[in-house]
>>> print(open('upload.txt').read())   # compact mmCIF, C-alpha atoms
# COMPACT_ATOMS: atom_id res chain seq x y z
CA MET V 1 11.66 -16.47 27.01
CA ALA V 2 14.18 -16.08 24.23
CA ASP V 3 11.85 -17.35 21.53
CA GLU V 4 9.26 -14.76 22.49
CA VAL V 5 11.27 -11.73 21.38
CA LYS V 6 13.04 -11.49 18.06
CA LEU V 7 14.89 -8.48 16.71
CA TYR V 8 15.50 -8.05 12.99
CA ARG V 9 18.32 -5.59 12.37
CA THR V 10 21.53 -5.08 10.43
CA TRP V 11 24.97 -5.28 12.00
CA SER V 12 25.53 -1.51 11.75
CA SER V 13 22.21 0.38 11.78
CA PRO V 14 21.92 2.90 14.63
CA PHE V 15 18.15 2.42 14.50
CA GLY V 16 18.55 -1.29 15.12
CA LEU V 17 21.01 -0.59 17.94
CA ARG V 18 18.41 1.59 19.65
CA ILE V 19 16.36 -1.56 20.22
CA VAL V 20 19.40 -3.57 21.30
CA TRP V 21 20.23 -0.89 23.89
CA ALA V 22 16.64 -0.73 25.19
CA LEU V 23 16.37 -4.51 25.53
CA HIS V 24 19.69 -4.68 27.38
CA ILE V 25 18.86 -1.75 29.67
CA LYS V 26 15.66 -3.60 30.62
CA GLY V 27 17.32 -7.02 30.78
CA ILE V 28 14.98 -8.61 28.23
CA GLU V 29 16.18 -11.81 26.53
CA TYR V 30 15.85 -11.86 22.76
CA ASP V 31 17.12 -13.45 19.57
CA THR V 32 18.77 -11.42 16.83
CA ILE V 33 18.23 -12.00 13.13
CA PHE V 34 20.78 -10.11 11.07
CA GLU V 35 19.41 -8.88 7.75
CA ASP V 36 21.28 -8.11 4.57
CA LEU V 37 19.38 -5.18 3.06
CA SER V 38 20.62 -6.02 -0.43
CA ASN V 39 18.84 -9.37 -0.07
CA LYS V 40 15.94 -8.92 2.33
CA SER V 41 14.49 -12.03 3.95
CA PRO V 42 10.87 -13.11 3.31
CA GLU V 43 10.25 -12.48 7.04
CA LEU V 44 11.36 -8.84 6.78
CA LEU V 45 9.08 -8.27 3.78
CA GLN V 46 6.21 -10.01 5.54
CA TYR V 47 6.65 -8.13 8.83
CA ASN V 48 7.20 -4.66 7.36
CA PRO V 49 5.48 -4.65 3.96
CA VAL V 50 4.98 -0.87 4.03
CA HIS V 51 8.57 0.32 4.52
CA LYS V 52 10.54 -2.94 4.05
CA LYS V 53 13.02 -1.67 6.64
CA ILE V 54 14.64 -2.71 9.88
CA PRO V 55 14.47 -2.67 12.87
CA ILE V 56 11.53 -4.96 13.45
CA LEU V 57 10.70 -6.34 16.87
CA VAL V 58 8.61 -9.50 16.84
CA HIS V 59 6.99 -10.21 20.19
CA LYS V 60 4.90 -13.39 20.55
CA GLY V 61 4.69 -13.55 16.78
CA LYS V 62 3.47 -9.96 16.31
CA PRO V 63 5.72 -7.46 14.50
CA ILE V 64 6.34 -3.84 15.49
CA CYS V 65 8.22 -1.46 13.16
CA GLU V 66 9.80 2.00 13.42
CA SER V 67 12.45 2.35 16.12
CA LEU V 68 10.71 5.01 18.24
CA VAL V 69 7.42 3.12 18.09
CA ILE V 70 9.27 -0.02 19.20
CA LEU V 71 10.90 1.85 22.10
CA GLU V 72 7.50 3.00 23.40
CA TYR V 73 6.13 -0.53 22.96
CA ILE V 74 9.01 -2.00 24.94
CA ASP V 75 8.54 0.58 27.67
CA GLU V 76 4.81 -0.12 27.95
CA THR V 77 5.18 -3.90 27.82
CA TRP V 78 8.10 -4.38 30.23
CA LYS V 79 7.51 -1.67 32.81
CA GLU V 80 10.52 -2.32 35.05
CA VAL V 81 13.38 0.15 34.49
CA PRO V 82 11.26 2.78 32.70
CA LEU V 83 12.78 4.53 29.68
CA LEU V 84 10.29 7.38 29.33
CA PRO V 85 9.38 9.76 32.15
CA GLN V 86 6.10 8.96 33.89
CA ASP V 87 4.82 12.54 34.11
CA PRO V 88 2.74 13.43 31.00
CA TYR V 89 4.47 16.79 30.53
CA GLN V 90 7.98 15.36 30.84
CA LYS V 91 6.94 12.55 28.52
CA ALA V 92 5.71 15.11 25.97
CA MET V 93 9.04 16.93 26.20
CA ALA V 94 10.92 13.67 25.57
CA ARG V 95 8.74 12.96 22.53
CA PHE V 96 9.22 16.51 21.26
CA TRP V 97 13.01 16.21 21.39
CA ALA V 98 12.96 12.71 19.90
CA LYS V 99 11.02 14.11 16.94
CA PHE V 100 13.52 16.96 16.72
CA GLY V 101 16.28 14.36 16.63
CA GLU V 102 14.66 12.46 13.77
CA ASP V 103 13.36 15.40 11.71
CA LYS V 104 16.10 18.01 12.23
CA LEU V 105 19.30 16.89 13.94
CA LEU V 106 19.89 13.60 12.14
CA PRO V 107 19.23 14.93 8.59
CA SER V 108 21.38 17.99 9.31
CA VAL V 109 24.38 15.91 10.42
CA TRP V 110 23.81 13.53 7.52
CA SER V 111 23.97 16.51 5.13
CA VAL V 112 27.49 17.19 6.37
CA PHE V 113 28.46 13.57 5.79
CA SER V 114 26.83 13.33 2.36
CA GLY V 115 27.69 16.85 1.16
CA LYS V 116 29.82 16.93 -2.00
CA GLY V 117 33.23 18.43 -1.30
CA VAL V 118 34.53 20.47 1.61
CA GLU V 119 32.58 23.65 0.81
CA GLU V 120 29.20 21.93 0.73
CA LYS V 121 30.08 20.11 3.93
CA LYS V 122 31.10 23.31 5.70
CA GLU V 123 27.87 24.98 4.65
CA ALA V 124 25.88 22.03 5.97
CA LEU V 125 27.79 22.24 9.24
CA VAL V 126 26.07 25.51 10.25
CA PRO V 127 22.55 24.10 10.86
CA ALA V 128 24.02 20.86 12.25
CA VAL V 129 25.93 22.81 14.92
CA GLN V 130 22.82 24.89 15.72
CA ASN V 131 20.86 21.68 16.23
CA LEU V 132 23.57 20.22 18.47
CA GLN V 133 23.38 23.43 20.50
CA HIS V 134 19.70 22.71 21.21
CA LEU V 135 20.69 19.33 22.66
CA GLU V 136 23.47 20.86 24.73
CA GLU V 137 20.89 23.14 26.35
CA GLN V 138 18.61 20.21 27.20
CA LEU V 139 21.24 18.40 29.23
CA LYS V 140 21.62 20.97 31.99
CA ASP V 141 23.81 19.33 34.61
CA ASN V 142 22.39 15.87 34.22
CA LYS V 143 24.33 12.72 33.52
CA PHE V 144 21.68 11.63 31.00
CA PHE V 145 18.89 13.48 29.17
CA GLY V 146 16.28 12.28 31.65
CA GLY V 147 18.40 12.80 34.78
CA GLU V 148 20.62 10.29 36.56
CA LYS V 149 19.41 7.21 34.69
CA ILE V 150 19.78 6.30 31.03
CA GLY V 151 16.50 6.41 29.11
CA TYR V 152 14.52 7.12 25.96
CA LEU V 153 16.26 10.30 24.77
CA ASP V 154 19.72 8.85 25.38
CA ILE V 155 18.78 5.93 23.16
CA GLU V 156 17.26 8.30 20.58
CA PHE V 157 20.45 10.37 20.38
CA GLY V 158 22.73 7.35 20.81
CA TRP V 159 23.78 7.50 17.15
CA LEU V 160 25.87 10.56 18.07
CA PRO V 161 28.35 8.79 20.37
CA TYR V 162 28.10 5.74 18.12
CA LEU V 163 28.81 7.41 14.78
CA LEU V 164 30.05 11.02 15.07
CA ASP V 165 33.73 10.19 15.38
CA VAL V 166 33.42 7.55 12.62
CA PHE V 167 31.93 10.23 10.36
CA GLU V 168 34.73 12.64 11.29
CA GLU V 169 37.39 10.11 10.42
CA VAL V 170 35.74 9.25 7.10
CA ILE V 171 35.10 12.82 5.92
CA ASP V 172 38.26 14.23 7.50
CA LEU V 173 36.39 17.20 8.98
CA LYS V 174 35.68 18.14 12.59
CA LEU V 175 31.94 17.82 13.14
CA PHE V 176 31.85 18.07 16.89
CA ASP V 177 33.95 20.46 18.94
CA ALA V 178 33.98 19.09 22.50
CA ALA V 179 35.01 22.50 23.86
CA LYS V 180 31.85 24.07 22.43
CA PHE V 181 29.64 21.28 23.73
CA PRO V 182 31.00 20.33 27.15
CA LEU V 183 27.71 18.84 28.36
CA LEU V 184 27.11 16.78 25.22
CA SER V 185 30.71 15.70 25.35
CA ALA V 186 30.33 14.48 28.94
CA TRP V 187 27.03 12.81 28.05
CA MET V 188 28.68 10.88 25.20
CA LYS V 189 31.20 9.49 27.68
CA ASN V 190 28.46 8.57 30.15
CA PHE V 191 26.51 6.88 27.38
CA ASN V 192 29.46 4.88 26.12
CA ASN V 193 30.36 3.85 29.67
CA HIS V 194 26.94 2.38 30.38
CA PRO V 195 27.15 -1.44 30.40
CA ALA V 196 24.16 -1.84 28.05
CA ILE V 197 25.63 0.33 25.30
CA LYS V 198 29.15 0.03 23.93
CA PRO V 199 29.53 -3.75 24.17
CA HIS V 200 26.96 -3.87 21.36
CA TYR V 201 28.80 -1.54 18.99
CA PRO V 202 30.19 -3.46 15.99
CA PRO V 203 33.97 -3.32 15.37
CA ARG V 204 34.99 0.26 14.61
CA ASP V 205 37.21 -0.59 11.64
CA LYS V 206 34.32 -2.38 9.97
CA LEU V 207 32.12 0.68 10.51
CA VAL V 208 34.77 3.01 9.10
CA THR V 209 35.08 0.83 5.98
CA LYS V 210 31.30 0.76 5.51
CA PHE V 211 30.98 4.54 5.74
CA GLN V 212 34.08 5.11 3.60
CA LEU V 213 32.43 3.20 0.76
CA LEU V 214 29.17 5.09 1.25
CA HIS V 215 31.01 8.40 1.37
CA GLU V 216 32.82 7.67 -1.87
CA LYS V 217 29.46 7.05 -3.53
CA TYR V 218 28.18 10.43 -2.34
CA GLN V 219 31.32 12.19 -3.53
CA THR V 220 31.26 10.66 -6.99
CA GLY V 221 27.44 10.63 -7.26
CA ASN V 222 27.36 6.91 -8.08
CA MET F 1 -11.00 25.96 33.72
CA ALA F 2 -10.86 27.97 30.52
CA ASP F 3 -7.73 29.91 31.46
CA GLU F 4 -5.87 26.68 32.12
CA VAL F 5 -5.79 25.50 28.50
CA LYS F 6 -4.79 27.72 25.60
CA LEU F 7 -4.44 26.68 21.99
CA TYR F 8 -2.32 28.68 19.56
CA ARG F 9 -3.26 27.89 15.99
CA THR F 10 -4.13 29.43 12.64
CA TRP F 11 -7.66 29.57 11.25
CA SER F 12 -6.90 26.97 8.55
CA SER F 13 -4.07 24.63 9.66
CA PRO F 14 -5.09 20.94 9.72
CA PHE F 15 -2.46 20.41 12.43
CA GLY F 16 -4.12 23.01 14.63
CA LEU F 17 -7.52 21.47 13.95
CA ARG F 18 -6.25 18.12 15.21
CA ILE F 19 -5.99 19.68 18.66
CA VAL F 20 -9.37 21.37 18.36
CA TRP F 21 -10.96 18.02 17.48
CA ALA F 22 -9.23 16.20 20.35
CA LEU F 23 -10.25 18.85 22.90
CA HIS F 24 -13.87 18.76 21.72
CA ILE F 25 -14.02 14.95 21.65
CA LYS F 26 -12.84 15.01 25.27
CA GLY F 27 -15.00 17.97 26.26
CA ILE F 28 -12.09 20.06 27.50
CA GLU F 29 -12.65 23.83 27.77
CA TYR F 30 -9.97 25.99 26.21
CA ASP F 31 -9.19 29.39 24.80
CA THR F 32 -8.03 29.86 21.21
CA ILE F 33 -5.37 32.33 20.13
CA PHE F 34 -5.33 32.75 16.38
CA GLU F 35 -1.87 33.36 14.99
CA ASP F 36 -0.91 35.13 11.77
CA LEU F 37 2.20 33.26 10.60
CA SER F 38 3.40 36.27 8.60
CA ASN F 39 3.55 38.17 11.89
CA LYS F 40 4.17 35.68 14.69
CA SER F 41 3.32 36.74 18.23
CA PRO F 42 6.02 37.01 20.93
CA GLU F 43 4.17 34.19 22.75
CA LEU F 44 4.50 31.82 19.78
CA LEU F 45 8.23 32.54 19.50
CA GLN F 46 8.66 32.10 23.24
CA TYR F 47 6.67 28.86 23.46
CA ASN F 48 8.14 27.18 20.36
CA PRO F 49 11.60 28.71 19.84
CA VAL F 50 12.88 25.62 18.00
CA HIS F 51 10.34 25.37 15.19
CA LYS F 52 8.39 28.66 15.56
CA LYS F 53 5.25 26.83 14.43
CA ILE F 54 1.70 26.17 15.52
CA PRO F 55 -0.11 24.33 17.03
CA ILE F 56 1.00 25.00 20.58
CA LEU F 57 -1.02 23.85 23.57
CA VAL F 58 -0.33 25.75 26.77
CA HIS F 59 -1.57 23.91 29.86
CA LYS F 60 -1.16 25.59 33.26
CA GLY F 61 1.43 27.88 31.68
CA LYS F 62 3.51 25.07 30.15
CA PRO F 63 3.77 24.79 26.35
CA ILE F 64 3.61 21.59 24.31
CA CYS F 65 4.43 21.62 20.58
CA GLU F 66 4.04 19.21 17.64
CA SER F 67 0.48 18.05 16.99
CA LEU F 68 1.00 14.31 17.58
CA VAL F 69 2.94 15.01 20.79
CA ILE F 70 0.09 17.25 21.93
CA LEU F 71 -2.49 14.54 21.16
CA GLU F 72 -0.64 12.03 23.34
CA TYR F 73 -0.29 14.64 26.10
CA ILE F 74 -4.02 15.37 26.00
CA ASP F 75 -4.80 11.65 26.10
CA GLU F 76 -2.54 11.05 29.09
CA THR F 77 -3.67 14.15 31.00
CA TRP F 78 -7.44 13.86 30.50
CA LYS F 79 -8.01 10.14 30.54
CA GLU F 80 -11.78 10.09 30.02
CA VAL F 81 -12.80 9.27 26.43
CA PRO F 82 -9.45 7.73 25.41
CA LEU F 83 -8.09 8.55 21.96
CA LEU F 84 -5.38 5.90 21.77
CA PRO F 85 -5.97 2.18 22.33
CA GLN F 86 -4.99 0.94 25.80
CA ASP F 87 -3.30 -2.27 24.64
CA PRO F 88 0.45 -1.67 24.01
CA TYR F 89 0.41 -3.55 20.68
CA GLN F 90 -2.67 -1.74 19.36
CA LYS F 91 -1.12 1.53 20.57
CA ALA F 92 2.09 0.73 18.68
CA MET F 93 0.04 0.06 15.54
CA ALA F 94 -1.72 3.42 15.91
CA ARG F 95 1.64 5.19 16.31
CA PHE F 96 3.07 3.31 13.31
CA TRP F 97 0.21 4.45 11.07
CA ALA F 98 0.33 7.99 12.42
CA LYS F 99 3.99 8.15 11.47
CA PHE F 100 3.13 6.73 8.05
CA GLY F 101 0.56 9.51 7.71
CA GLU F 102 3.09 12.21 8.51
CA ASP F 103 6.12 10.81 6.67
CA LYS F 104 4.53 9.21 3.61
CA LEU F 105 0.86 9.91 2.98
CA LEU F 106 0.77 13.64 3.64
CA PRO F 107 3.91 14.51 1.60
CA SER F 108 2.70 12.31 -1.27
CA VAL F 109 -0.68 14.04 -1.48
CA TRP F 110 1.01 17.41 -1.09
CA SER F 111 3.24 16.55 -4.09
CA VAL F 112 0.11 16.22 -6.21
CA PHE F 113 -1.14 19.60 -5.01
CA SER F 114 2.20 21.36 -5.45
CA GLY F 115 3.28 19.58 -8.66
CA LYS F 116 3.86 21.91 -11.60
CA GLY F 117 1.39 21.23 -14.40
CA VAL F 118 -0.92 18.29 -15.04
CA GLU F 119 1.81 15.80 -15.99
CA GLU F 120 3.82 16.30 -12.81
CA LYS F 121 0.62 16.07 -10.78
CA LYS F 122 -0.45 12.83 -12.47
CA GLU F 123 2.97 11.33 -11.82
CA ALA F 124 2.75 12.31 -8.15
CA LEU F 125 -0.70 10.74 -7.97
CA VAL F 126 0.71 7.19 -8.28
CA PRO F 127 2.44 7.00 -4.86
CA ALA F 128 -0.35 9.06 -3.26
CA VAL F 129 -2.96 6.51 -4.38
CA GLN F 130 -0.76 3.64 -3.18
CA ASN F 131 -0.53 5.28 0.23
CA LEU F 132 -4.29 5.81 0.39
CA GLN F 133 -4.68 2.10 -0.41
CA HIS F 134 -2.71 1.29 2.77
CA LEU F 135 -5.24 3.31 4.79
CA GLU F 136 -8.18 1.65 3.05
CA GLU F 137 -6.82 -1.73 4.20
CA GLN F 138 -6.54 -0.55 7.79
CA LEU F 139 -10.20 0.34 8.12
CA LYS F 140 -11.60 -3.16 7.66
CA ASP F 141 -15.32 -2.87 8.44
CA ASN F 142 -14.94 -0.35 11.22
CA LYS F 143 -16.67 3.00 11.47
CA PHE F 144 -13.41 4.62 12.61
CA PHE F 145 -9.76 3.54 12.49
CA GLY F 146 -9.84 2.33 16.10
CA GLY F 147 -13.27 0.67 15.90
CA GLU F 148 -16.67 2.12 16.75
CA LYS F 149 -15.38 5.27 18.45
CA ILE F 150 -13.47 8.21 17.00
CA GLY F 151 -9.85 8.40 18.15
CA TYR F 152 -6.20 9.17 17.54
CA LEU F 153 -5.82 7.87 13.96
CA ASP F 154 -9.05 9.52 12.83
CA ILE F 155 -7.68 12.82 14.10
CA GLU F 156 -4.29 12.12 12.50
CA PHE F 157 -5.89 11.46 9.09
CA GLY F 158 -8.56 14.14 9.56
CA TRP F 159 -6.87 16.42 7.04
CA LEU F 160 -8.14 14.07 4.31
CA PRO F 161 -11.87 14.73 4.82
CA TYR F 162 -11.00 18.33 5.69
CA LEU F 163 -8.88 19.18 2.64
CA LEU F 164 -9.00 16.55 -0.13
CA ASP F 165 -12.04 17.97 -1.91
CA VAL F 166 -10.70 21.51 -1.49
CA PHE F 167 -7.44 20.40 -3.16
CA GLU F 168 -9.41 18.72 -5.95
CA GLU F 169 -11.40 21.88 -6.63
CA VAL F 170 -8.27 24.05 -6.65
CA ILE F 171 -6.11 21.82 -8.88
CA ASP F 172 -9.04 20.62 -11.03
CA LEU F 173 -7.91 16.98 -10.83
CA LYS F 174 -9.54 13.96 -9.17
CA LEU F 175 -7.33 12.94 -6.25
CA PHE F 176 -9.68 10.53 -4.55
CA ASP F 177 -11.91 8.05 -6.36
CA ALA F 178 -14.62 7.03 -3.89
CA ALA F 179 -15.36 3.89 -5.91
CA LYS F 180 -11.77 2.69 -5.43
CA PHE F 181 -11.78 3.52 -1.72
CA PRO F 182 -15.25 2.59 -0.43
CA LEU F 183 -14.09 2.19 3.19
CA LEU F 184 -12.14 5.44 3.28
CA SER F 185 -15.05 7.15 1.62
CA ALA F 186 -17.45 5.88 4.29
CA TRP F 187 -14.95 6.83 7.00
CA MET F 188 -14.75 10.40 5.70
CA LYS F 189 -18.53 10.70 6.02
CA ASN F 190 -18.44 9.23 9.55
CA PHE F 191 -15.67 11.64 10.49
CA ASN F 192 -17.47 14.67 9.11
CA ASN F 193 -20.71 13.62 10.81
CA HIS F 194 -19.12 13.45 14.26
CA PRO F 195 -20.30 16.43 16.36
CA ALA F 196 -16.72 17.35 17.43
CA ILE F 197 -15.38 17.67 13.89
CA LYS F 198 -17.08 19.58 11.10
CA PRO F 199 -18.49 22.46 13.20
CA HIS F 200 -14.83 23.52 13.59
CA TYR F 201 -13.99 23.61 9.88
CA PRO F 202 -13.49 27.19 8.68
CA PRO F 203 -15.73 28.41 5.82
CA ARG F 204 -15.03 26.36 2.69
CA ASP F 205 -14.88 29.32 0.30
CA LYS F 206 -12.19 30.94 2.46
CA LEU F 207 -10.18 27.69 2.37
CA VAL F 208 -10.54 27.42 -1.41
CA THR F 209 -9.27 31.00 -1.83
CA LYS F 210 -6.31 30.35 0.46
CA PHE F 211 -5.24 27.22 -1.42
CA GLN F 212 -5.90 28.83 -4.81
CA LEU F 213 -3.35 31.54 -3.97
CA LEU F 214 -0.86 28.96 -2.70
CA HIS F 215 -1.39 26.80 -5.78
CA GLU F 216 -0.74 29.74 -8.10
CA LYS F 217 2.58 30.30 -6.31
CA TYR F 218 3.57 26.68 -6.86
CA GLN F 219 2.61 26.83 -10.53
CA THR F 220 4.53 30.02 -11.24
CA GLY F 221 7.40 29.23 -8.87
CA ASN F 222 7.01 32.54 -7.01
>>> encode(input="upload.txt", output="structure tokens")
Amino acid sequence: MADEVKLYRTWSSPFGLRIVWALHIKGIEYDTIFEDLSNKSPELLQYNPVHKKIPILVHKGKPICESLVILEYIDETWKEVPLLPQDPYQKAMARFWAKFGEDKLLPSVWSVFSGKGVEEKKEALVPAVQNLQHLEEQLKDNKFFGGEKIGYLDIEFGWLPYLLDVFEEVIDLKLFDAAKFPLLSAWMKNFNNHPAIKPHYPPRDKLVTKFQLLHEKYQTGN
Amino acid sequence: MADEVKLYRTWSSPFGLRIVWALHIKGIEYDTIFEDLSNKSPELLQYNPVHKKIPILVHKGKPICESLVILEYIDETWKEVPLLPQDPYQKAMARFWAKFGEDKLLPSVWSVFSGKGVEEKKEALVPAVQNLQHLEEQLKDNKFFGGEKIGYLDIEFGWLPYLLDVFEEVIDLKLFDAAKFPLLSAWMKNFNNHPAIKPHYPPRDKLVTKFQLLHEKYQTGN
């Protein structure tokens, strides 16, 4: 089995972790190949010649790129423990919010992280908080975005529990007020407590160091 | 039937036309509501409060937004005449290229259109042509992107046959050299000749006028 599924990722990428989480939720055996993006392997360039990015899932020798495309592929190939809802309308809603996560939420939070100086960061915080509010409203009283079981949207938004508090430590600014987002706050705990999730986070101090270096670059413009 | 499916779109949006094409390919009856984006209807704001954009498909009273999400919903709800491949790997490839179309190809061509002056446009042409080359390579010897039958990726890339020559007329610059892209060129003809497609294009002179006005704004920065 193990030689059938290979995952190319970096040690820290939240997009790569999405695939790790999905494979573990489903109980699929796989091999990991860790890439160094400053020195990409010939396999990475061969498997993703268009974007030259990770994650890449290689299944029976055939590569699939783009994390959300990989998640749908995994869900359609290994049907046990479904990640997406089965109902076409609920599935469309999940895809809508996943796209919102990629196109709106993630860039808006990243603008806070990468903003130069406190003022620029605080300005960027306004749309980021509005976008988080949209997520808060989607949770209702559910444990996860899709209900009682972890699934596609939890994986999509998993970078929040994974990275938000790292970002906060690095930029020394409160990004996420748990009192304003009680449902999201509870969801983050549920997500982190799931056995398929947090054991795959890399060491936090290593993450903080990585983002500290990146943050310094943004602040000095180098 | 007709009151079950409603499509909110504008007269000219290529994203709205994607849904028109899909519904006609599948033979689904629907009603059209034309929106004026300078004066959005209460229904548009109610159905898409996050983005406040068209297209919106309302099916049995429930709204679905984002054109690619709508296409997948249509394909899963009305299964006759499938748009996406059935095989999970081929489906993943279709989704990968659709994402490439949205994230890379479309913005790169738009940069040529919106570039200020001939020099900026010619500079923007380099990545746009590279991206078109990727599409050319996907077509192989097929009539359509998925083979002999029109489908998801043809609809995704349908804005090319719909708008490229309009853009060229407006900006007075060759964007697409048919001799360099013989397969794409043949595909555009096949697409336009399909009975579900060109009858739904709005009048060309009206389109040219619309994009002339928009182009003037980009050139003067107003």
>>> residues_around(input="upload.txt", residues="Tyr89 (chain V)", least_positions_apart="6", cutoff="9 Å", atoms="only C-alpha atoms", output="compact mmCIF listing (two decimals) with C-alpha atoms, in the frame of the given file")
# COMPACT_ATOMS: atom_id res chain seq x y z
CA LYS F 62 3.51 25.07 30.15
CA ILE F 64 3.61 21.59 24.31
CA TYR F 73 -0.29 14.64 26.10
CA THR F 77 -3.67 14.15 31.00
>>> residues_around(input="upload.txt", residues="Leu7 (chain V)", least_positions_apart="3", cutoff="6 Å", atoms="all atoms listed in the file", output="ChimeraX atom specification")
/V:32,56-57
>>> atom_distance(input="upload.txt", atom1="CA of Leu125 (chain V)", atom2="CA of Thr220 (chain V)")
20.2 Å
>>> atom_distance(input="upload.txt", atom1="CA of Gly146 (chain V)", atom2="CA of Trp97 (chain F)")
27.3 Å
>>> atom_distance(input="upload.txt", atom1="CA of Tyr30 (chain V)", atom2="CA of Val208 (chain V)")
27.7 Å
>>> residues_around(input="upload.txt", residues="Trp110 (chain V)", least_positions_apart="3", cutoff="10 Å", atoms="all atoms listed in the file", output="mmCIF file with C-alpha atoms, in the frame of the given file")
data_model
loop_
_atom_site.group_PDB
_atom_site.id
_atom_site.type_symbol
_atom_site.label_atom_id
_atom_site.label_comp_id
_atom_site.auth_asym_id
_atom_site.auth_seq_id
_atom_site.Cartn_x
_atom_site.Cartn_y
_atom_site.Cartn_z
ATOM 1 C CA LEU V 105 19.300 16.890 13.940
ATOM 2 C CA LEU V 106 19.890 13.600 12.140
ATOM 3 C CA PRO V 107 19.230 14.930 8.590
ATOM 4 C CA PHE V 113 28.460 13.570 5.790
ATOM 5 C CA SER V 114 26.830 13.330 2.360
ATOM 6 C CA GLY V 115 27.690 16.850 1.160
ATOM 7 C CA LYS V 121 30.080 20.110 3.930
ATOM 8 C CA ALA V 124 25.880 22.030 5.970
ATOM 9 C CA LEU V 125 27.790 22.240 9.240
ATOM 10 C CA ALA V 128 24.020 20.860 12.250
ATOM 11 C CA PHE V 167 31.930 10.230 10.360
#
>>> interface_residues(input="upload.txt", of="chain F", to="chain V", cutoff="10 Å", atoms="all atoms listed in the file", output="MDAnalysis selection string")
chainID F and resid 50:51 59 62:77 87:96 99:100 103:104 131 134
>>> write_last_selection(input="upload.txt", atoms="C-alpha atoms", output="PDB file, in the frame of the given file")
ATOM      1  CA  VAL F  50      12.880  25.620  18.000  1.00  0.00           C
ATOM      2  CA  HIS F  51      10.340  25.370  15.190  1.00  0.00           C
ATOM      3  CA  HIS F  59      -1.570  23.910  29.860  1.00  0.00           C
ATOM      4  CA  LYS F  62       3.510  25.070  30.150  1.00  0.00           C
ATOM      5  CA  PRO F  63       3.770  24.790  26.350  1.00  0.00           C
ATOM      6  CA  ILE F  64       3.610  21.590  24.310  1.00  0.00           C
ATOM      7  CA  CYS F  65       4.430  21.620  20.580  1.00  0.00           C
ATOM      8  CA  GLU F  66       4.040  19.210  17.640  1.00  0.00           C
ATOM      9  CA  SER F  67       0.480  18.050  16.990  1.00  0.00           C
ATOM     10  CA  LEU F  68       1.000  14.310  17.580  1.00  0.00           C
ATOM     11  CA  VAL F  69       2.940  15.010  20.790  1.00  0.00           C
ATOM     12  CA  ILE F  70       0.090  17.250  21.930  1.00  0.00           C
ATOM     13  CA  LEU F  71      -2.490  14.540  21.160  1.00  0.00           C
ATOM     14  CA  GLU F  72      -0.640  12.030  23.340  1.00  0.00           C
ATOM     15  CA  TYR F  73      -0.290  14.640  26.100  1.00  0.00           C
ATOM     16  CA  ILE F  74      -4.020  15.370  26.000  1.00  0.00           C
ATOM     17  CA  ASP F  75      -4.800  11.650  26.100  1.00  0.00           C
ATOM     18  CA  GLU F  76      -2.540  11.050  29.090  1.00  0.00           C
ATOM     19  CA  THR F  77      -3.670  14.150  31.000  1.00  0.00           C
ATOM     20  CA  ASP F  87      -3.300  -2.270  24.640  1.00  0.00           C
ATOM     21  CA  PRO F  88       0.450  -1.670  24.010  1.00  0.00           C
ATOM     22  CA  TYR F  89       0.410  -3.550  20.680  1.00  0.00           C
ATOM     23  CA  GLN F  90      -2.670  -1.740  19.360  1.00  0.00           C
ATOM     24  CA  LYS F  91      -1.120   1.530  20.570  1.00  0.00           C
ATOM     25  CA  ALA F  92       2.090   0.730  18.680  1.00  0.00           C
ATOM     26  CA  MET F  93       0.040   0.060  15.540  1.00  0.00           C
ATOM     27  CA  ALA F  94      -1.720   3.420  15.910  1.00  0.00           C
ATOM     28  CA  ARG F  95       1.640   5.190  16.310  1.00  0.00           C
ATOM     29  CA  PHE F  96       3.070   3.310  13.310  1.00  0.00           C
ATOM     30  CA  LYS F  99       3.990   8.150  11.470  1.00  0.00           C
ATOM     31  CA  PHE F 100       3.130   6.730   8.050  1.00  0.00           C
ATOM     32  CA  ASP F 103       6.120  10.810   6.670  1.00  0.00           C
ATOM     33  CA  LYS F 104       4.530   9.210   3.610  1.00  0.00           C
ATOM     34  CA  ASN F 131      -0.530   5.280   0.230  1.00  0.00           C
ATOM     35  CA  HIS F 134      -2.710   1.290   2.770  1.00  0.00           C
TER      36      HIS F 134
END
